[in-house]
>>> print(open('entry_23.cif').read())   # mmCIF, C-alpha atoms, pLDDT in the B column; chains and numbers go by the auth columns
data_my_file
#
loop_
_atom_site.group_PDB
_atom_site.id
_atom_site.type_symbol
_atom_site.label_atom_id
_atom_site.label_comp_id
_atom_site.label_asym_id
_atom_site.label_seq_id
_atom_site.Cartn_x
_atom_site.Cartn_y
_atom_site.Cartn_z
_atom_site.B_iso_or_equiv
_atom_site.auth_seq_id
_atom_site.auth_asym_id
ATOM 1 C CA MET A 1 9.089 15.041 -9.542 89.00 1 A
ATOM 2 C CA ASN A 2 6.236 17.000 -8.014 94.00 2 A
ATOM 3 C CA LYS A 3 2.829 16.123 -6.578 94.00 3 A
ATOM 4 C CA LEU A 4 0.931 17.119 -9.707 94.00 4 A
ATOM 5 C CA LYS A 5 3.079 14.912 -11.921 95.00 5 A
ATOM 6 C CA ALA A 6 2.821 12.045 -9.437 95.00 6 A
ATOM 7 C CA LYS A 7 -0.971 12.304 -9.467 95.00 7 A
ATOM 8 C CA GLU A 8 -0.961 12.294 -13.278 96.00 8 A
ATOM 9 C CA ILE A 9 1.126 9.109 -13.297 96.00 9 A
ATOM 10 C CA VAL A 10 -1.172 7.296 -10.856 96.00 10 A
ATOM 11 C CA ASP A 11 -4.293 8.417 -12.730 96.00 11 A
ATOM 12 C CA LYS A 12 -2.884 7.279 -16.074 96.00 12 A
ATOM 13 C CA LEU A 13 -1.949 3.894 -14.652 96.00 13 A
ATOM 14 C CA ARG A 14 -5.418 3.525 -13.143 95.00 14 A
ATOM 15 C CA SER A 15 -6.989 4.352 -16.514 95.00 15 A
ATOM 16 C CA ILE A 16 -4.947 1.512 -18.052 95.00 16 A
ATOM 17 C CA PHE A 17 -5.204 -1.163 -15.379 95.00 17 A
ATOM 18 C CA GLY A 18 -8.398 -0.187 -13.563 92.00 18 A
ATOM 19 C CA GLU A 19 -8.770 -0.658 -9.815 89.00 19 A
ATOM 20 C CA PRO A 20 -5.925 -3.029 -8.885 90.00 20 A
ATOM 21 C CA LYS A 21 -5.989 -5.769 -6.284 89.00 21 A
ATOM 22 C CA CYS A 22 -3.477 -7.940 -4.499 91.00 22 A
ATOM 23 C CA PHE A 23 -1.959 -10.602 -6.740 92.00 23 A
ATOM 24 C CA LEU A 24 -1.543 -13.147 -3.940 95.00 24 A
ATOM 25 C CA ASN A 25 -4.556 -15.361 -3.240 96.00 25 A
ATOM 26 C CA HIS A 26 -5.700 -15.249 0.374 96.00 26 A
ATOM 27 C CA ASN A 27 -8.872 -15.334 2.473 96.00 27 A
ATOM 28 C CA ASN A 28 -7.726 -13.505 5.594 97.00 28 A
ATOM 29 C CA VAL A 29 -4.850 -11.482 7.027 98.00 29 A
ATOM 30 C CA PHE A 30 -3.019 -14.542 8.337 98.00 30 A
ATOM 31 C CA GLU A 31 -3.024 -16.151 4.892 98.00 31 A
ATOM 32 C CA LEU A 32 -1.939 -12.856 3.361 98.00 32 A
ATOM 33 C CA LEU A 33 0.994 -12.611 5.760 98.00 33 A
ATOM 34 C CA CYS A 34 2.120 -16.134 4.917 97.00 34 A
ATOM 35 C CA ALA A 35 1.771 -15.544 1.178 97.00 35 A
ATOM 36 C CA VAL A 36 3.757 -12.318 1.224 97.00 36 A
ATOM 37 C CA MET A 37 6.492 -13.971 3.278 96.00 37 A
ATOM 38 C CA LEU A 38 6.685 -16.684 0.628 96.00 38 A
ATOM 39 C CA SER A 39 6.770 -14.214 -2.268 93.00 39 A
ATOM 40 C CA ALA A 40 10.323 -12.906 -1.799 88.00 40 A
ATOM 41 C CA GLN A 41 12.433 -13.690 -4.899 86.00 41 A
ATOM 42 C CA THR A 42 9.575 -15.799 -6.248 90.00 42 A
ATOM 43 C CA THR A 43 6.718 -14.985 -8.608 91.00 43 A
ATOM 44 C CA ASP A 44 3.223 -14.501 -7.226 93.00 44 A
ATOM 45 C CA GLU A 45 2.044 -17.206 -9.607 94.00 45 A
ATOM 46 C CA ARG A 46 4.402 -19.718 -8.029 95.00 46 A
ATOM 47 C CA VAL A 47 3.276 -18.722 -4.528 96.00 47 A
ATOM 48 C CA ASN A 48 -0.366 -19.131 -5.526 96.00 48 A
ATOM 49 C CA LEU A 49 0.409 -22.689 -6.606 96.00 49 A
ATOM 50 C CA VAL A 50 1.676 -23.774 -3.181 96.00 50 A
ATOM 51 C CA THR A 51 -0.514 -21.820 -0.770 97.00 51 A
ATOM 52 C CA PRO A 52 -3.776 -23.791 -1.278 97.00 52 A
ATOM 53 C CA ALA A 53 -2.143 -26.915 0.142 96.00 53 A
ATOM 54 C CA LEU A 54 -0.374 -24.913 2.847 97.00 54 A
ATOM 55 C CA PHE A 55 -3.534 -23.171 4.012 97.00 55 A
ATOM 56 C CA GLN A 56 -5.614 -26.328 3.868 96.00 56 A
ATOM 57 C CA LYS A 57 -3.198 -28.130 6.180 97.00 57 A
ATOM 58 C CA TYR A 58 -2.380 -25.114 8.351 97.00 58 A
ATOM 59 C CA PRO A 59 -5.416 -22.797 8.338 96.00 59 A
ATOM 60 C CA ASN A 60 -4.437 -20.740 11.385 97.00 60 A
ATOM 61 C CA PRO A 61 -1.433 -19.752 13.508 97.00 61 A
ATOM 62 C CA GLU A 62 -2.035 -22.544 16.024 97.00 62 A
ATOM 63 C CA ALA A 63 -1.812 -25.243 13.369 97.00 63 A
ATOM 64 C CA LEU A 64 1.196 -23.689 11.654 97.00 64 A
ATOM 65 C CA SER A 65 3.051 -23.205 14.944 96.00 65 A
ATOM 66 C CA LYS A 66 2.956 -26.968 15.508 96.00 66 A
ATOM 67 C CA ALA A 67 4.185 -27.856 12.023 95.00 67 A
ATOM 68 C CA SER A 68 7.627 -29.309 11.502 93.00 68 A
ATOM 69 C CA TYR A 69 10.206 -27.848 9.160 92.00 69 A
ATOM 70 C CA ASN A 70 10.059 -30.916 6.911 93.00 70 A
ATOM 71 C CA GLU A 71 6.267 -30.763 6.649 94.00 71 A
ATOM 72 C CA ILE A 72 6.432 -27.165 5.417 96.00 72 A
ATOM 73 C CA MET A 73 9.280 -27.963 3.040 95.00 73 A
ATOM 74 C CA ASP A 74 7.259 -30.744 1.435 94.00 74 A
ATOM 75 C CA ILE A 75 4.697 -28.122 0.415 96.00 75 A
ATOM 76 C CA ILE A 76 6.817 -25.108 -0.522 96.00 76 A
ATOM 77 C CA ARG A 77 10.060 -26.633 -1.827 93.00 77 A
ATOM 78 C CA SER A 78 9.329 -25.437 -5.388 92.00 78 A
ATOM 79 C CA ILE A 79 9.667 -21.745 -4.489 93.00 79 A
ATOM 80 C CA GLY A 80 12.821 -19.702 -4.003 87.00 80 A
ATOM 81 C CA LEU A 81 14.523 -19.621 -0.588 91.00 81 A
ATOM 82 C CA ALA A 82 12.211 -22.393 0.611 92.00 82 A
ATOM 83 C CA ASN A 83 14.581 -23.466 3.386 92.00 83 A
ATOM 84 C CA THR A 84 14.584 -20.100 5.104 94.00 84 A
ATOM 85 C CA LYS A 85 10.904 -19.484 4.471 96.00 85 A
ATOM 86 C CA ALA A 86 9.834 -22.818 5.967 95.00 86 A
ATOM 87 C CA SER A 87 11.693 -22.011 9.165 95.00 87 A
ATOM 88 C CA ASN A 88 10.385 -18.456 9.337 96.00 88 A
ATOM 89 C CA LEU A 89 6.758 -19.480 8.802 97.00 89 A
ATOM 90 C CA VAL A 90 6.806 -21.745 11.847 96.00 90 A
ATOM 91 C CA LYS A 91 8.676 -19.189 13.972 97.00 91 A
ATOM 92 C CA MET A 92 6.269 -16.440 12.928 97.00 92 A
ATOM 93 C CA ALA A 93 3.235 -18.561 13.808 97.00 93 A
ATOM 94 C CA LYS A 94 4.662 -19.368 17.231 97.00 94 A
ATOM 95 C CA VAL A 95 5.087 -15.654 17.975 98.00 95 A
ATOM 96 C CA LEU A 96 1.497 -14.965 16.895 98.00 96 A
ATOM 97 C CA VAL A 97 0.227 -17.682 19.232 97.00 97 A
ATOM 98 C CA GLU A 98 2.422 -16.807 22.203 97.00 98 A
ATOM 99 C CA LYS A 99 2.404 -13.015 21.987 97.00 99 A
ATOM 100 C CA TYR A 100 -0.630 -11.897 19.978 97.00 100 A
ATOM 101 C CA ASN A 101 -3.368 -14.389 20.854 95.00 101 A
ATOM 102 C CA SER A 102 -3.071 -15.939 17.371 96.00 102 A
ATOM 103 C CA GLU A 103 -3.917 -12.648 15.678 97.00 103 A
ATOM 104 C CA VAL A 104 -1.794 -10.767 13.144 98.00 104 A
ATOM 105 C CA PRO A 105 -0.941 -7.428 14.797 97.00 105 A
ATOM 106 C CA LYS A 106 -1.973 -4.182 13.095 96.00 106 A
ATOM 107 C CA ASP A 107 0.909 -2.218 14.566 96.00 107 A
ATOM 108 C CA PHE A 108 3.649 -1.765 11.984 96.00 108 A
ATOM 109 C CA LYS A 109 6.491 -2.083 14.469 96.00 109 A
ATOM 110 C CA ALA A 110 5.016 -5.328 15.766 97.00 110 A
ATOM 111 C CA LEU A 111 4.706 -6.653 12.227 97.00 111 A
ATOM 112 C CA ILE A 112 8.323 -6.032 11.257 96.00 112 A
ATOM 113 C CA GLU A 113 9.488 -7.699 14.470 96.00 113 A
ATOM 114 C CA LEU A 114 7.881 -10.997 13.417 97.00 114 A
ATOM 115 C CA PRO A 115 10.380 -13.612 12.159 96.00 115 A
ATOM 116 C CA GLY A 116 10.810 -13.411 8.398 95.00 116 A
ATOM 117 C CA VAL A 117 8.873 -10.155 8.069 97.00 117 A
ATOM 118 C CA GLY A 118 10.650 -7.147 6.584 94.00 118 A
ATOM 119 C CA ARG A 119 9.446 -3.696 5.707 95.00 119 A
ATOM 120 C CA LYS A 120 7.999 -4.697 2.336 95.00 120 A
ATOM 121 C CA THR A 121 5.960 -7.533 3.833 96.00 121 A
ATOM 122 C CA ALA A 122 4.728 -5.350 6.688 97.00 122 A
ATOM 123 C CA ASN A 123 3.650 -2.645 4.252 97.00 123 A
ATOM 124 C CA VAL A 124 1.696 -5.101 2.109 96.00 124 A
ATOM 125 C CA VAL A 125 -0.065 -6.554 5.152 97.00 125 A
ATOM 126 C CA SER A 126 -0.858 -3.062 6.428 97.00 126 A
ATOM 127 C CA ALA A 127 -2.228 -1.896 3.094 96.00 127 A
ATOM 128 C CA VAL A 128 -4.031 -4.986 1.843 96.00 128 A
ATOM 129 C CA GLY A 129 -4.889 -6.707 5.097 96.00 129 A
ATOM 130 C CA PHE A 130 -5.782 -3.739 7.290 97.00 130 A
ATOM 131 C CA HIS A 131 -6.426 -1.036 4.646 96.00 131 A
ATOM 132 C CA ILE A 132 -3.885 1.252 6.291 97.00 132 A
ATOM 133 C CA PRO A 133 -2.258 3.515 3.663 96.00 133 A
ATOM 134 C CA ALA A 134 1.216 2.209 2.831 96.00 134 A
ATOM 135 C CA ILE A 135 3.481 1.691 -0.171 96.00 135 A
ATOM 136 C CA ALA A 136 5.501 -1.507 -0.347 95.00 136 A
ATOM 137 C CA VAL A 137 8.645 -1.333 -2.468 95.00 137 A
ATOM 138 C CA ASP A 138 9.406 -4.563 -4.309 92.00 138 A
ATOM 139 C CA THR A 139 11.734 -4.966 -7.304 92.00 139 A
ATOM 140 C CA HIS A 140 9.143 -3.626 -9.778 94.00 140 A
ATOM 141 C CA VAL A 141 8.287 -0.596 -7.657 96.00 141 A
ATOM 142 C CA TYR A 142 11.952 0.107 -6.965 96.00 142 A
ATOM 143 C CA ARG A 143 12.833 -0.038 -10.677 96.00 143 A
ATOM 144 C CA THR A 144 9.899 2.000 -11.955 96.00 144 A
ATOM 145 C CA SER A 145 10.197 4.590 -9.200 96.00 145 A
ATOM 146 C CA TYR A 146 13.647 5.442 -10.542 96.00 146 A
ATOM 147 C CA ARG A 147 12.729 5.443 -14.206 95.00 147 A
ATOM 148 C CA LEU A 148 9.691 7.641 -13.572 96.00 148 A
ATOM 149 C CA GLY A 149 11.695 10.135 -11.534 94.00 149 A
ATOM 150 C CA PHE A 150 10.477 9.479 -8.004 95.00 150 A
ATOM 151 C CA ARG A 151 13.972 8.745 -6.719 95.00 151 A
ATOM 152 C CA LYS A 152 17.656 8.975 -7.522 94.00 152 A
ATOM 153 C CA GLU A 153 19.514 5.958 -8.855 92.00 153 A
ATOM 154 C CA ALA A 154 21.555 5.540 -5.667 94.00 154 A
ATOM 155 C CA ASP A 155 18.571 5.725 -3.298 94.00 155 A
ATOM 156 C CA ASP A 156 17.919 2.645 -1.192 95.00 156 A
ATOM 157 C CA LEU A 157 14.557 0.942 -0.692 95.00 157 A
ATOM 158 C CA LEU A 158 13.582 3.064 2.290 95.00 158 A
ATOM 159 C CA LYS A 159 14.382 6.305 0.468 96.00 159 A
ATOM 160 C CA ALA A 160 12.356 5.103 -2.510 96.00 160 A
ATOM 161 C CA GLU A 161 9.396 4.435 -0.212 97.00 161 A
ATOM 162 C CA GLU A 162 9.747 7.829 1.449 97.00 162 A
ATOM 163 C CA ASN A 163 9.833 9.634 -1.904 96.00 163 A
ATOM 164 C CA LEU A 164 6.800 7.795 -3.223 97.00 164 A
ATOM 165 C CA LYS A 165 4.884 8.738 -0.077 97.00 165 A
ATOM 166 C CA LYS A 166 6.098 12.306 -0.372 97.00 166 A
ATOM 167 C CA TYR A 167 4.715 12.858 -3.852 97.00 167 A
ATOM 168 C CA ILE A 168 1.786 10.454 -4.233 97.00 168 A
ATOM 169 C CA PRO A 169 -1.453 11.439 -2.433 95.00 169 A
ATOM 170 C CA LYS A 170 -1.996 9.310 0.659 96.00 170 A
ATOM 171 C CA ASP A 171 -5.375 8.115 -0.609 95.00 171 A
ATOM 172 C CA ASP A 172 -3.557 6.607 -3.612 95.00 172 A
ATOM 173 C CA TRP A 173 -0.749 4.849 -1.752 96.00 173 A
ATOM 174 C CA ILE A 174 -2.330 1.385 -1.696 95.00 174 A
ATOM 175 C CA ASP A 175 -3.357 1.462 -5.361 95.00 175 A
ATOM 176 C CA ALA A 176 -0.061 3.025 -6.428 96.00 176 A
ATOM 177 C CA HIS A 177 1.867 0.029 -5.128 94.00 177 A
ATOM 178 C CA HIS A 178 -0.168 -2.400 -7.249 95.00 178 A
ATOM 179 C CA LEU A 179 -0.271 -0.087 -10.265 96.00 179 A
ATOM 180 C CA LEU A 180 3.500 0.342 -10.346 96.00 180 A
ATOM 181 C CA ILE A 181 3.906 -3.426 -10.152 95.00 181 A
ATOM 182 C CA LEU A 182 1.567 -3.868 -13.118 95.00 182 A
ATOM 183 C CA PHE A 183 3.409 -1.151 -15.011 97.00 183 A
ATOM 184 C CA GLY A 184 6.733 -2.859 -14.303 95.00 184 A
ATOM 185 C CA ARG A 185 5.460 -6.260 -15.362 93.00 185 A
ATOM 186 C CA ASN A 186 3.692 -5.156 -18.509 94.00 186 A
ATOM 187 C CA TYR A 187 5.746 -2.232 -19.817 95.00 187 A
ATOM 188 C CA CYS A 188 8.745 -1.139 -17.770 95.00 188 A
ATOM 189 C CA LYS A 189 10.501 -4.495 -17.571 94.00 189 A
ATOM 190 C CA ALA A 190 14.004 -4.875 -16.179 92.00 190 A
ATOM 191 C CA GLN A 191 15.172 -6.315 -19.480 91.00 191 A
ATOM 192 C CA ASN A 192 13.787 -5.194 -22.840 91.00 192 A
ATOM 193 C CA PRO A 193 11.253 -2.633 -21.560 92.00 193 A
ATOM 194 C CA LYS A 194 8.481 -1.850 -24.023 94.00 194 A
ATOM 195 C CA CYS A 195 9.517 1.761 -24.488 92.00 195 A
ATOM 196 C CA ASP A 196 7.901 2.063 -27.933 92.00 196 A
ATOM 197 C CA ILE A 197 4.407 1.498 -26.532 94.00 197 A
ATOM 198 C CA CYS A 198 4.956 2.801 -22.992 94.00 198 A
ATOM 199 C CA PRO A 199 2.033 4.991 -21.857 94.00 199 A
ATOM 200 C CA LEU A 200 4.325 6.907 -19.489 95.00 200 A
ATOM 201 C CA LYS A 201 7.283 7.544 -21.788 93.00 201 A
ATOM 202 C CA GLU A 202 6.919 11.302 -21.317 93.00 202 A
ATOM 203 C CA TYR A 203 7.937 10.881 -17.665 93.00 203 A
ATOM 204 C CA CYS A 204 10.810 8.453 -18.253 92.00 204 A
ATOM 205 C CA LYS A 205 14.275 9.504 -17.109 85.00 205 A
ATOM 206 C CA LEU A 206 15.918 6.856 -19.274 78.00 206 A
ATOM 207 C CA LYS A 207 14.148 8.227 -22.342 65.00 207 A
ATOM 208 C CA ARG A 208 15.419 11.716 -21.567 54.00 208 A
ATOM 209 C CA ARG A 209 18.917 10.361 -21.044 52.00 209 A
ATOM 210 C CA LYS A 210 18.862 8.643 -24.450 50.00 210 A
ATOM 211 C CA LYS A 211 17.536 11.784 -26.063 48.00 211 A
ATOM 212 C CA ASP A 212 20.321 13.886 -24.527 41.00 212 A
ATOM 213 C CA ALA A 213 23.038 11.415 -25.523 38.00 213 A
#
>>> encode(input="entry_23.cif", output="structure tokens")
Amino acid sequence: MNKLKAKEIVDKLRSIFGEPKCFLNHNNVFELLCAVMLSAQTTDERVNLVTPALFQKYPNPEALSKASYNEIMDIIRSIGLANTKASNLVKMAKVLVEKYNSEVPKDFKALIELPGVGRKTANVVSAVGFHIPAIAVDTHVYRTSYRLGFRKEADDLLKAEENLKKYIPKDDWIDAHHLLILFGRNYCKAQNPKCDICPLKEYCKLKRRKKDA
């Protein structure tokens, strides 16, 4: 991989998918944070089905911090890992109220110290919520970053993120995250990828491997 090739990949994806946007419905940074926390091992579509009721009942950190575990579970039980997520949502809201005056902090270190918030969630909130350049690595980004040659097969999530940032222009980081997700969902699937119609097959490591075999 090199910077020129990385730019070509991002530009081609943008020509296919246009200017991407966040797939999780939200009206503010607090709602975004909650939605991303709920999205782990669950589809965005499923999250978007439960968040309207969640946000209507708990529109801000103060309201959510006073919610009971069972009240949250009644709303989100249809999504994956609901037990853990219900607990983390309340804990996160309490920290926002007690430590950050009910505001979601912009500082990355502060974000990842919130209960239930990992590096991927913090990167999404930084990029989408605060428009701070970042690349979040979810399952789609992790998979496609290997197949397109941004990382080695054994690289972990952090190394994948570092390599993407190394090669992709900083101004494209936010869009690149969404574009790689769209590419993974529509073409470069985990199972049965659409290699015959893939617009990026010239960059694919798996294609080269098959050719060399």
>>> residues_around(input="entry_23.cif", residues="region 174-181 of chain A", least_positions_apart="3", cutoff="9 Å", atoms="only C-alpha atoms", output="PyMOL selection string")
chain A and resi 10+13-14+17-23+124+127-128+131-141+144-145+164+168+170-171+184-186
>>> atom_distance(input="entry_23.cif", atom1="CA of Ser39 (chain A)", atom2="CA of Arg147 (chain A)")
23.8 Å
>>> closest_residue(input="entry_23.cif", among="A:Cys204, A:Leu158, A:Ala40, A:Leu114", to="Tyr187 (chain A)", atoms="only C-alpha atoms")
A:Cys204
>>> closest_atom_pairs(input="entry_23.cif", of="region 106-160 of chain A", to="region 24-32 of chain A", cutoff="10 Å", atoms="all atoms listed in the file", output="CSV")
residue,atom,partner,partner_atom,distance
A:Lys106,CA,A:Val29,CA,9.9
A:Thr121,CA,A:Leu32,CA,9.5
A:Val124,CA,A:Leu32,CA,8.7
A:Val125,CA,A:Leu32,CA,6.8
A:Ser126,CA,A:Val29,CA,9.3
A:Val128,CA,A:Leu32,CA,8.3
A:Gly129,CA,A:Val29,CA,5.2
A:Phe130,CA,A:Val29,CA,7.8
>>> residues_around(input="entry_23.cif", residues="Glu162 (chain A)", least_positions_apart="4", cutoff="10 Å", atoms="only C-alpha atoms", output="list of chain:residue names")
A:Ile135, A:Phe150, A:Arg151, A:Leu157, A:Leu158, A:Lys166, A:Tyr167
>>> atom_distance(input="entry_23.cif", atom1="CA of Ala110 (chain A)", atom2="CA of Pro169 (chain A)")
25.6 Å
>>> atom_distance(input="entry_23.cif", atom1="CA of Leu33 (chain A)", atom2="CA of Met92 (chain A)")
9.7 Å
>>> resolve_selection(input="entry_23.cif", expression="the PyMOL selection byres ((chain A and resi 69) around 12)", output="compact mmCIF listing (two decimals) with C-alpha atoms, in the frame of the given file")
# COMPACT_ATOMS: atom_id res chain seq x y z
CA LEU A 64 1.20 -23.69 11.65
CA SER A 65 3.05 -23.20 14.94
CA LYS A 66 2.96 -26.97 15.51
CA ALA A 67 4.18 -27.86 12.02
CA SER A 68 7.63 -29.31 11.50
CA ASN A 70 10.06 -30.92 6.91
CA GLU A 71 6.27 -30.76 6.65
CA ILE A 72 6.43 -27.16 5.42
CA MET A 73 9.28 -27.96 3.04
CA ASP A 74 7.26 -30.74 1.44
CA ILE A 75 4.70 -28.12 0.42
CA ILE A 76 6.82 -25.11 -0.52
CA ARG A 77 10.06 -26.63 -1.83
CA ALA A 82 12.21 -22.39 0.61
CA ASN A 83 14.58 -23.47 3.39
CA THR A 84 14.58 -20.10 5.10
CA LYS A 85 10.90 -19.48 4.47
CA ALA A 86 9.83 -22.82 5.97
CA SER A 87 11.69 -22.01 9.16
CA ASN A 88 10.38 -18.46 9.34
CA LEU A 89 6.76 -19.48 8.80
CA VAL A 90 6.81 -21.74 11.85
CA LYS A 91 8.68 -19.19 13.97
>>> residues_around(input="entry_23.cif", residues="Gln41 (chain A)", least_positions_apart="4", cutoff="9 Å", atoms="all atoms listed in the file", output="list in words")
Ile79, Gly80 and Leu81 of chain A
>>> closest_residue(input="entry_23.cif", among="A:Gly149, A:Leu200, A:Asp44, A:Glu62", to="Tyr100 (chain A)", atoms="only C-alpha atoms")
A:Glu62
>>> closest_residue(input="entry_23.cif", among="A:Ala122, A:Ala190, A:Ile197, A:Ala35", to="Tyr146 (chain A)", atoms="all atoms listed in the file")
A:Ala190
>>> build_atoms(input="entry_23.cif", residues="region 143-151 of chain A", atoms="all heavy atoms", output="CSV table (one decimal), in the coordinates of the input")
chain,number,residue,atom,x,y,z
A,143,ARG,N,12.4,-0.3,-9.3
A,143,ARG,CA,12.8,0.0,-10.7
A,143,ARG,C,12.0,1.1,-11.3
A,143,ARG,O,12.6,2.1,-11.8
A,143,ARG,CB,12.7,-1.3,-11.5
A,143,ARG,CG,13.2,-1.1,-13.0
A,143,ARG,CD,13.1,-2.4,-13.8
A,143,ARG,NE,11.8,-2.9,-14.0
A,143,ARG,CZ,11.3,-3.9,-13.4
A,143,ARG,NH1,11.9,-4.5,-12.5
A,143,ARG,NH2,10.0,-4.3,-13.7
A,144,THR,N,10.7,1.0,-11.3
A,144,THR,CA,9.9,2.0,-12.0
A,144,THR,C,9.9,3.3,-11.2
A,144,THR,O,9.8,4.4,-11.9
A,144,THR,CB,8.4,1.5,-12.1
A,144,THR,OG1,7.9,1.2,-10.8
A,144,THR,CG2,8.4,0.3,-13.0
A,145,SER,N,10.1,3.3,-9.9
A,145,SER,CA,10.2,4.6,-9.2
A,145,SER,C,11.4,5.4,-9.6
A,145,SER,O,11.4,6.6,-9.6
A,145,SER,CB,10.2,4.4,-7.7
A,145,SER,OG,11.4,3.7,-7.3
A,146,TYR,N,12.5,4.7,-10.0
A,146,TYR,CA,13.6,5.4,-10.5
A,146,TYR,C,13.4,5.9,-12.0
A,146,TYR,O,13.6,7.1,-12.3
A,146,TYR,CB,14.9,4.5,-10.5
A,146,TYR,CG,16.0,5.1,-11.4
A,146,TYR,CD1,16.6,6.3,-11.0
A,146,TYR,CD2,16.5,4.5,-12.5
A,146,TYR,CE1,17.6,6.9,-11.8
A,146,TYR,CE2,17.5,5.0,-13.3
A,146,TYR,CZ,18.1,6.2,-12.9
A,146,TYR,OH,19.1,6.8,-13.7
A,147,ARG,N,12.9,5.1,-12.8
A,147,ARG,CA,12.7,5.4,-14.2
A,147,ARG,C,11.7,6.5,-14.4
A,147,ARG,O,11.8,7.3,-15.3
A,147,ARG,CB,12.3,4.2,-15.0
A,147,ARG,CG,13.5,3.2,-15.1
A,147,ARG,CD,13.0,2.0,-15.9
A,147,ARG,NE,14.1,1.0,-16.0
A,147,ARG,CZ,14.0,-0.2,-16.6
A,147,ARG,NH1,12.9,-0.6,-17.1
A,147,ARG,NH2,15.1,-1.0,-16.7
A,148,LEU,N,10.7,6.6,-13.5
A,148,LEU,CA,9.7,7.6,-13.6
A,148,LEU,C,10.1,8.9,-12.8
A,148,LEU,O,9.3,9.9,-12.9
A,148,LEU,CB,8.4,7.1,-13.0
A,148,LEU,CG,7.7,6.0,-13.9
A,148,LEU,CD1,6.5,5.4,-13.1
A,148,LEU,CD2,7.3,6.5,-15.2
A,149,GLY,N,11.2,8.9,-12.1
A,149,GLY,CA,11.7,10.1,-11.5
A,149,GLY,C,11.3,10.4,-10.1
A,149,GLY,O,11.5,11.5,-9.6
A,150,PHE,N,10.8,9.3,-9.4
A,150,PHE,CA,10.5,9.5,-8.0
A,150,PHE,C,11.7,9.5,-7.1
A,150,PHE,O,11.6,10.0,-6.0
A,150,PHE,CB,9.5,8.4,-7.6
A,150,PHE,CG,8.1,8.5,-8.0
A,150,PHE,CD1,7.7,7.8,-9.2
A,150,PHE,CD2,7.2,9.4,-7.4
A,150,PHE,CE1,6.3,8.0,-9.6
A,150,PHE,CE2,5.9,9.5,-7.8
A,150,PHE,CZ,5.5,8.8,-8.9
A,151,ARG,N,12.8,8.9,-7.6
A,151,ARG,CA,14.0,8.7,-6.7
A,151,ARG,C,15.2,8.8,-7.6
A,151,ARG,O,15.2,8.8,-8.8
A,151,ARG,CB,14.0,7.4,-6.0
A,151,ARG,CG,14.1,6.2,-6.9
A,151,ARG,CD,14.3,4.9,-6.2
A,151,ARG,NE,14.4,3.7,-7.1
A,151,ARG,CZ,15.6,3.3,-7.6
A,151,ARG,NH1,16.7,4.0,-7.3
A,151,ARG,NH2,15.6,2.3,-8.4
